Each structure stands twice: as structure tokens, then as C-alpha cells.
>>> print(open('work-v6.pdb').read())   # PDB, C-alpha atoms
ATOM      1  CA  MET A   1      48.326   2.925 -11.703
ATOM      2  CA  ILE A   2      45.454   4.240  -9.594
ATOM      3  CA  SER A   3      46.354   5.817  -6.280
ATOM      4  CA  ASN A   4      44.804   4.539  -3.065
ATOM      5  CA  SER A   5      42.700   7.682  -2.492
ATOM      6  CA  THR A   6      41.389   7.647  -6.062
ATOM      7  CA  HIS A   7      40.551   3.972  -5.691
ATOM      8  CA  SER A   8      38.654   4.599  -2.434
ATOM      9  CA  ALA A   9      36.752   7.518  -4.028
ATOM     10  CA  ALA A  10      35.840   5.317  -6.991
ATOM     11  CA  SER A  11      34.701   2.509  -4.695
ATOM     12  CA  ALA A  12      32.557   4.968  -2.687
ATOM     13  CA  VAL A  13      30.878   6.197  -5.858
ATOM     14  CA  THR A  14      30.478   2.670  -7.245
ATOM     15  CA  ALA A  15      28.913   1.417  -4.029
ATOM     16  CA  LEU A  16      26.214   4.107  -4.225
ATOM     17  CA  GLN A  17      25.403   3.896  -7.954
ATOM     18  CA  ALA A  18      21.944   2.344  -7.448
ATOM     19  CA  PRO A  19      20.731   4.846  -4.807
ATOM     20  CA  LEU A  20      22.207   7.707  -6.809
ATOM     21  CA  LEU A  21      20.437   6.526  -9.945
ATOM     22  CA  ARG A  22      17.126   6.309  -8.050
ATOM     23  CA  LEU A  23      17.603   9.866  -6.795
ATOM     24  CA  ALA A  24      18.517  11.047 -10.284
ATOM     25  CA  TYR A  25      15.410   9.428 -11.750
ATOM     26  CA  THR A  26      13.290  10.991  -9.010
ATOM     27  CA  LEU A  27      14.735  14.415  -9.742
ATOM     28  CA  THR A  28      14.576  14.302 -13.534
ATOM     29  CA  GLY A  29      11.660  11.989 -14.245
ATOM     30  CA  GLU A  30      13.321  10.686 -17.425
ATOM     31  CA  ARG A  31      15.602   7.687 -17.765
ATOM     32  CA  SER A  32      18.094   9.273 -20.158
ATOM     33  CA  GLU A  33      18.310  12.465 -18.086
ATOM     34  CA  ALA A  34      18.794  10.365 -14.940
ATOM     35  CA  TYR A  35      21.737   8.530 -16.493
ATOM     36  CA  ASN A  36      23.213  11.838 -17.648
ATOM     37  CA  LEU A  37      22.847  13.300 -14.162
ATOM     38  CA  LEU A  38      24.477  10.223 -12.644
ATOM     39  CA  ARG A  39      27.342  10.484 -15.141
ATOM     40  CA  ASP A  40      27.853  14.172 -14.370
ATOM     41  CA  THR A  41      27.813  13.494 -10.632
ATOM     42  CA  THR A  42      30.359  10.704 -10.997
ATOM     43  CA  ARG A  43      32.635  12.913 -13.091
ATOM     44  CA  SER A  44      32.375  15.750 -10.595
ATOM     45  CA  VAL A  45      33.235  13.546  -7.633
ATOM     46  CA  MET A  46      36.060  11.756  -9.446
ATOM     47  CA  SER A  47      37.617  15.068 -10.523
ATOM     48  CA  ARG A  48      38.101  16.194  -6.933
ATOM     49  CA  PRO A  49      41.656  16.466  -5.650
ATOM     50  CA  ALA A  50      43.380  13.271  -4.512
ATOM     51  CA  GLY A  51      43.010  12.488  -0.853
ATOM     52  CA  VAL A  52      39.418  13.741  -0.621
ATOM     53  CA  ILE A  53      37.172  10.742  -0.007
ATOM     54  CA  PRO A  54      33.531  11.727  -0.470
ATOM     55  CA  SER A  55      30.998  10.713   2.131
ATOM     56  CA  PRO A  56      27.688   9.234   0.960
ATOM     57  CA  GLU A  57      25.854  12.402   2.014
ATOM     58  CA  SER A  58      28.228  14.552   0.009
ATOM     59  CA  LEU A  59      27.560  12.452  -3.120
ATOM     60  CA  PHE A  60      23.847  13.112  -2.824
ATOM     61  CA  GLU A  61      24.480  16.807  -2.197
ATOM     62  CA  VAL A  62      26.729  16.986  -5.282
ATOM     63  CA  MET A  63      23.935  15.407  -7.353
ATOM     64  CA  ARG A  64      21.342  17.834  -6.018
ATOM     65  CA  GLU A  65      23.607  20.790  -6.741
ATOM     66  CA  ILE A  66      24.278  19.629 -10.304
ATOM     67  CA  TYR A  67      20.548  19.145 -10.793
ATOM     68  CA  ARG A  68      19.797  22.645  -9.464
ATOM     69  CA  THR A  69      22.388  24.313 -11.666
ATOM     70  CA  SER A  70      22.003  22.385 -14.919
ATOM     71  CA  TYR A  71      19.001  20.124 -15.108
ATOM     72  CA  SER A  72      16.247  22.047 -13.329
ATOM     73  CA  THR A  73      16.605  25.005 -15.710
ATOM     74  CA  ARG A  74      16.430  22.600 -18.640
ATOM     75  CA  ALA A  75      13.302  21.007 -17.184
ATOM     76  CA  ASP A  76      11.684  24.415 -16.627
ATOM     77  CA  LYS A  77      12.494  25.418 -20.205
ATOM     78  CA  HIS A  78      11.022  22.157 -21.506
ATOM     79  CA  ARG A  79       7.822  22.678 -19.489
ATOM     80  CA  VAL A  80       7.436  26.184 -20.913
ATOM     81  CA  GLU A  81       7.974  24.869 -24.453
ATOM     82  CA  VAL A  82       5.369  22.136 -24.008
ATOM     83  CA  ALA A  83       2.872  24.580 -22.509
ATOM     84  CA  ALA A  84       3.376  26.984 -25.415
ATOM     85  CA  ARG A  85       2.697  24.351 -28.095
ATOM     86  CA  ARG A  86      -0.634  24.288 -29.832
ATOM     87  CA  LEU A  87      -1.770  20.742 -29.275
ATOM     88  CA  TYR A  88      -5.164  21.094 -30.919
ATOM     89  CA  ALA A  89      -6.421  23.503 -33.515
ATOM     90  CA  ILE A  90      -9.990  23.911 -34.699
ATOM     91  CA  PRO A  91     -10.134  23.938 -38.484
ATOM     92  CA  ALA A  92     -10.961  27.324 -39.937
ATOM     93  CA  GLY A  93     -13.925  27.782 -42.232
ATOM     94  CA  GLU A  94     -17.066  25.771 -42.692
ATOM     95  CA  VAL A  95     -17.156  22.085 -41.877
ATOM     96  CA  ALA A  96     -19.119  19.941 -44.307
ATOM     97  CA  THR A  97     -22.239  18.387 -42.778
ATOM     98  CA  ASP A  98     -21.280  14.876 -43.935
ATOM     99  CA  ASP A  99     -17.967  15.209 -42.036
ATOM    100  CA  THR A 100     -19.636  15.967 -38.701
ATOM    101  CA  VAL A 101     -21.049  12.442 -38.259
ATOM    102  CA  PRO A 102     -18.434   9.673 -38.359
ATOM    103  CA  GLU A 103     -19.122   6.645 -40.509
ATOM    104  CA  GLY A 104     -21.132   3.948 -38.721
ATOM    105  CA  THR A 105     -22.683   6.384 -36.234
ATOM    106  CA  MET A 106     -25.636   8.731 -36.208
ATOM    107  CA  SER A 107     -26.149  12.306 -35.161
ATOM    108  CA  ALA A 108     -27.506  13.161 -31.738
ATOM    109  CA  SER A 109     -30.693  14.624 -33.215
ATOM    110  CA  HIS A 110     -31.338  11.421 -35.195
ATOM    111  CA  ALA A 111     -30.728   9.268 -32.094
ATOM    112  CA  THR A 112     -33.106  11.440 -30.063
ATOM    113  CA  MET A 113     -35.737  11.139 -32.776
ATOM    114  CA  LEU A 114     -35.391   7.334 -32.703
ATOM    115  CA  LEU A 115     -35.647   7.271 -28.911
ATOM    116  CA  THR A 116     -38.887   9.242 -29.036
ATOM    117  CA  LYS A 117     -40.306   6.576 -31.358
ATOM    118  CA  LEU A 118     -40.044   3.974 -28.587
ATOM    119  CA  ALA A 119     -43.598   3.401 -27.377
ATOM    120  CA  ASP A 120     -42.827   2.007 -23.921
ATOM    121  CA  PRO A 121     -41.608   4.782 -21.582
ATOM    122  CA  HIS A 122     -39.847   2.240 -19.321
ATOM    123  CA  HIS A 123     -37.773   0.951 -22.237
ATOM    124  CA  ARG A 124     -37.075   4.492 -23.401
ATOM    125  CA  ARG A 125     -35.838   5.484 -19.936
ATOM    126  CA  ALA A 126     -33.685   2.343 -19.573
ATOM    127  CA  ILE A 127     -31.969   2.717 -22.959
ATOM    128  CA  SER A 128     -31.465   6.468 -22.412
ATOM    129  CA  LEU A 129     -29.806   5.841 -19.046
ATOM    130  CA  ARG A 130     -27.654   3.086 -20.541
ATOM    131  CA  ALA A 131     -26.600   5.376 -23.403
ATOM    132  CA  ALA A 132     -25.670   8.021 -20.826
ATOM    133  CA  GLY A 133     -23.271   5.558 -19.188
ATOM    134  CA  TYR A 134     -25.291   4.133 -16.317
ATOM    135  CA  THR A 135     -24.671   0.510 -15.351
ATOM    136  CA  TYR A 136     -27.472  -2.027 -15.210
ATOM    137  CA  ARG A 137     -27.286  -2.005 -11.406
ATOM    138  CA  GLN A 138     -27.660   1.787 -11.315
ATOM    139  CA  ILE A 139     -30.619   1.650 -13.726
ATOM    140  CA  ALA A 140     -32.238  -1.025 -11.559
ATOM    141  CA  ARG A 141     -31.702   1.040  -8.418
ATOM    142  CA  LEU A 142     -33.167   4.194 -10.034
ATOM    143  CA  ASP A 143     -36.248   2.389 -11.364
ATOM    144  CA  GLY A 144     -36.737   0.132  -8.337
ATOM    145  CA  ILE A 145     -36.423  -3.098 -10.326
ATOM    146  CA  SER A 146     -34.021  -6.025 -10.407
ATOM    147  CA  THR A 147     -30.792  -5.909 -12.398
ATOM    148  CA  LEU A 148     -32.075  -8.697 -14.664
ATOM    149  CA  ARG A 149     -35.216  -6.687 -15.376
ATOM    150  CA  ALA A 150     -33.067  -3.620 -16.225
ATOM    151  CA  ARG A 151     -31.016  -5.724 -18.662
ATOM    152  CA  ILE A 152     -34.186  -7.016 -20.292
ATOM    153  CA  ARG A 153     -35.580  -3.492 -20.683
ATOM    154  CA  VAL A 154     -32.348  -2.267 -22.299
ATOM    155  CA  MET A 155     -32.261  -5.321 -24.586
ATOM    156  CA  MET A 156     -35.893  -4.846 -25.655
ATOM    157  CA  ALA A 157     -35.307  -1.140 -26.247
ATOM    158  CA  GLY A 158     -32.255  -1.990 -28.350
ATOM    159  CA  ILE A 159     -34.329  -4.328 -30.500
ATOM    160  CA  SER A 160     -36.988  -1.648 -30.925
ATOM    161  CA  LEU A 161     -34.346   0.947 -31.812
ATOM    162  CA  ARG A 162     -32.810  -1.274 -34.478
ATOM    163  CA  ALA A 163     -36.268  -1.838 -35.953
ATOM    164  CA  ALA A 164     -37.012   1.902 -35.890
ATOM    165  CA  ALA A 165     -33.664   2.690 -37.519
ATOM    166  CA  ARG A 166     -34.443   0.386 -40.439
ATOM    167  CA  LEU A 167     -37.745   2.153 -41.171
TER     168      LEU A 167
END
>>> encode(input="work-v6.pdb", output="C-alpha cells")
Amino acid sequence: MISNSTHSAASAVTALQAPLLRLAYTLTGERSEAYNLLRDTTRSVMSRPAGVIPSPESLFEVMREIYRTSYSTRADKHRVEVAARRLYAIPAGEVATDDTVPEGTMSASHATMLLTKLADPHHRRAISLRAAGYTYRQIARLDGISTLRARIRVMMAGISLRAAARL
């Protein structure tokens, strides 16, 4: 049978499970670690001598202390391990020229050569700006034309580019 003081300690911990879990998740940043921290906090508080009823503030302080002693060192170690990993490695040796251009695309030099074949400089400028990531509104603002006119220039340049690519 549970003693009255143990029951009141358990009810104090149970009443604060949600706020404690939120604090644990804030401290750890991972769901599984947060549940582990909450479990460790609950065990620590419940293992206190009978007759000691924890206050809500003391529960949060117990959680912070457990985090400082156990979990923060684990988190620091994990950060160091992640920082030490080689996430990307450049292949050693020569890269074949056919591997440098993905299938369905063209090299930058070939695209530049096709752009120089465009006769109209306005179309060439519009398609170059669009390829560089400008929106139609930005192209229109730079050239002093309407947005519809900028769309038409890009469309006409695209048609000319497709024709030039076929030749």
C-alpha cells in the first residue's frame, strides 16, 4: 500500500508531466531524449525519502540538474561527432567528361554558345535574366517594359533556343 507522502509526491509529479515534458523537449531537442529525461526526473523525485513533497519549482530544478550532468555532455559529444564526419568527399582522380554533364542537360559553354546565336539582343537579355533566376516582374522592371512583354520575350527566346539546339 502506498503511503500518503509517496502518493502526494506521485500526484505532484503526475500533475506536472506535460510542462516537464515540454521543458525536456526544449532542453534536448529530440523526442526520445525528452522522454528519457522525463523518466529520469520522475525516478529521481520518486526515490526521495518519504515525507519530502517536491514543489513544482524543485521538479524543474531536478530536471535541469539531470540534464546538466547527463544529457548535455551527451549532446556535446554528439555535436562533436557530427562535426567530425565527412559528409561530402570529392572523388579522387580524373572525372570522365561524359559524367560532368547530367543526362537531359547541357554544359554551360554549350548553353552560352546557343545564347550567342540569338539574333535579337532583347530576347537574349530576357532569357539570360530568366535563366539566372529573375522573375518576369524583375525582368520587366530592369528593361522598362510590361510584365506581359517580358514573358513574350522569354517565350520567343525559348523558341529560338530550341530551334538553335536542333541545328
>>> residues_near_point(input="work-v6.pdb", point="(-33.4, -1.6, -13.3)", cutoff="12 Å", atoms="only C-alpha atoms", output="PyMOL selection string")
chain A and resi 122-123+125-127+129-130+134-155
>>> resolve_selection(input="work-v6.pdb", expression="the PyMOL selection byres ((chain A and resi 118) around 10)", output="VMD selection string")
chain A and resid 113 to 117 119 to 125 127 157 to 158 160 to 161 164
>>> residues_around(input="work-v6.pdb", residues="Thr42 in chain A", least_positions_apart="2", cutoff="12 Å", atoms="all atoms listed in the file", output="PDB file with C-alpha atoms, in the coordinates of the input")
ATOM      1  CA  ALA A   9      36.752   7.518  -4.028  1.00  0.00           C
ATOM      2  CA  ALA A  10      35.840   5.317  -6.991  1.00  0.00           C
ATOM      3  CA  SER A  11      34.701   2.509  -4.695  1.00  0.00           C
ATOM      4  CA  ALA A  12      32.557   4.968  -2.687  1.00  0.00           C
ATOM      5  CA  VAL A  13      30.878   6.197  -5.858  1.00  0.00           C
ATOM      6  CA  THR A  14      30.478   2.670  -7.245  1.00  0.00           C
ATOM      7  CA  ALA A  15      28.913   1.417  -4.029  1.00  0.00           C
ATOM      8  CA  LEU A  16      26.214   4.107  -4.225  1.00  0.00           C
ATOM      9  CA  GLN A  17      25.403   3.896  -7.954  1.00  0.00           C
ATOM     10  CA  LEU A  20      22.207   7.707  -6.809  1.00  0.00           C
ATOM     11  CA  LEU A  21      20.437   6.526  -9.945  1.00  0.00           C
ATOM     12  CA  ALA A  24      18.517  11.047 -10.284  1.00  0.00           C
ATOM     13  CA  TYR A  35      21.737   8.530 -16.493  1.00  0.00           C
ATOM     14  CA  ASN A  36      23.213  11.838 -17.648  1.00  0.00           C
ATOM     15  CA  LEU A  37      22.847  13.300 -14.162  1.00  0.00           C
ATOM     16  CA  LEU A  38      24.477  10.223 -12.644  1.00  0.00           C
ATOM     17  CA  ARG A  39      27.342  10.484 -15.141  1.00  0.00           C
ATOM     18  CA  ASP A  40      27.853  14.172 -14.370  1.00  0.00           C
ATOM     19  CA  SER A  44      32.375  15.750 -10.595  1.00  0.00           C
ATOM     20  CA  VAL A  45      33.235  13.546  -7.633  1.00  0.00           C
ATOM     21  CA  MET A  46      36.060  11.756  -9.446  1.00  0.00           C
ATOM     22  CA  SER A  47      37.617  15.068 -10.523  1.00  0.00           C
ATOM     23  CA  ARG A  48      38.101  16.194  -6.933  1.00  0.00           C
ATOM     24  CA  PRO A  54      33.531  11.727  -0.470  1.00  0.00           C
ATOM     25  CA  SER A  58      28.228  14.552   0.009  1.00  0.00           C
ATOM     26  CA  LEU A  59      27.560  12.452  -3.120  1.00  0.00           C
ATOM     27  CA  PHE A  60      23.847  13.112  -2.824  1.00  0.00           C
ATOM     28  CA  VAL A  62      26.729  16.986  -5.282  1.00  0.00           C
ATOM     29  CA  MET A  63      23.935  15.407  -7.353  1.00  0.00           C
ATOM     30  CA  ILE A  66      24.278  19.629 -10.304  1.00  0.00           C
TER      31      ILE A  66
END
>>> closest_residue(input="work-v6.pdb", among="A:Leu27, A:Ser107, A:Pro49, A:Ala18", to="Arg68 in chain A", atoms="all atoms listed in the file")
A:Leu27
>>> atom_distance(input="work-v6.pdb", atom1="CA of Ala111 in chain A", atom2="CA of Ile159 in chain A")
14.2 Å
>>> atom_distance(input="work-v6.pdb", atom1="CA of Tyr71 in chain A", atom2="CA of Ser32 in chain A")
12.0 Å
>>> atom_distance(input="work-v6.pdb", atom1="CA of Arg31 in chain A", atom2="CA of Tyr67 in chain A")
14.3 Å
>>> axis_aligned_box(input="work-v6.pdb", around="range 18-30 of chain A", padding_each_side="6 Å", output="JSON")
{"center_x": 16.9, "center_y": 8.4, "center_z": -11.1, "size_x": 22.5, "size_y": 24.1, "size_z": 24.6}
>>> closest_residue(input="work-v6.pdb", among="A:Ser55, A:Ser128, A:Thr41, A:Thr28", to="Ser72 in chain A", atoms="all atoms listed in the file")
A:Thr28
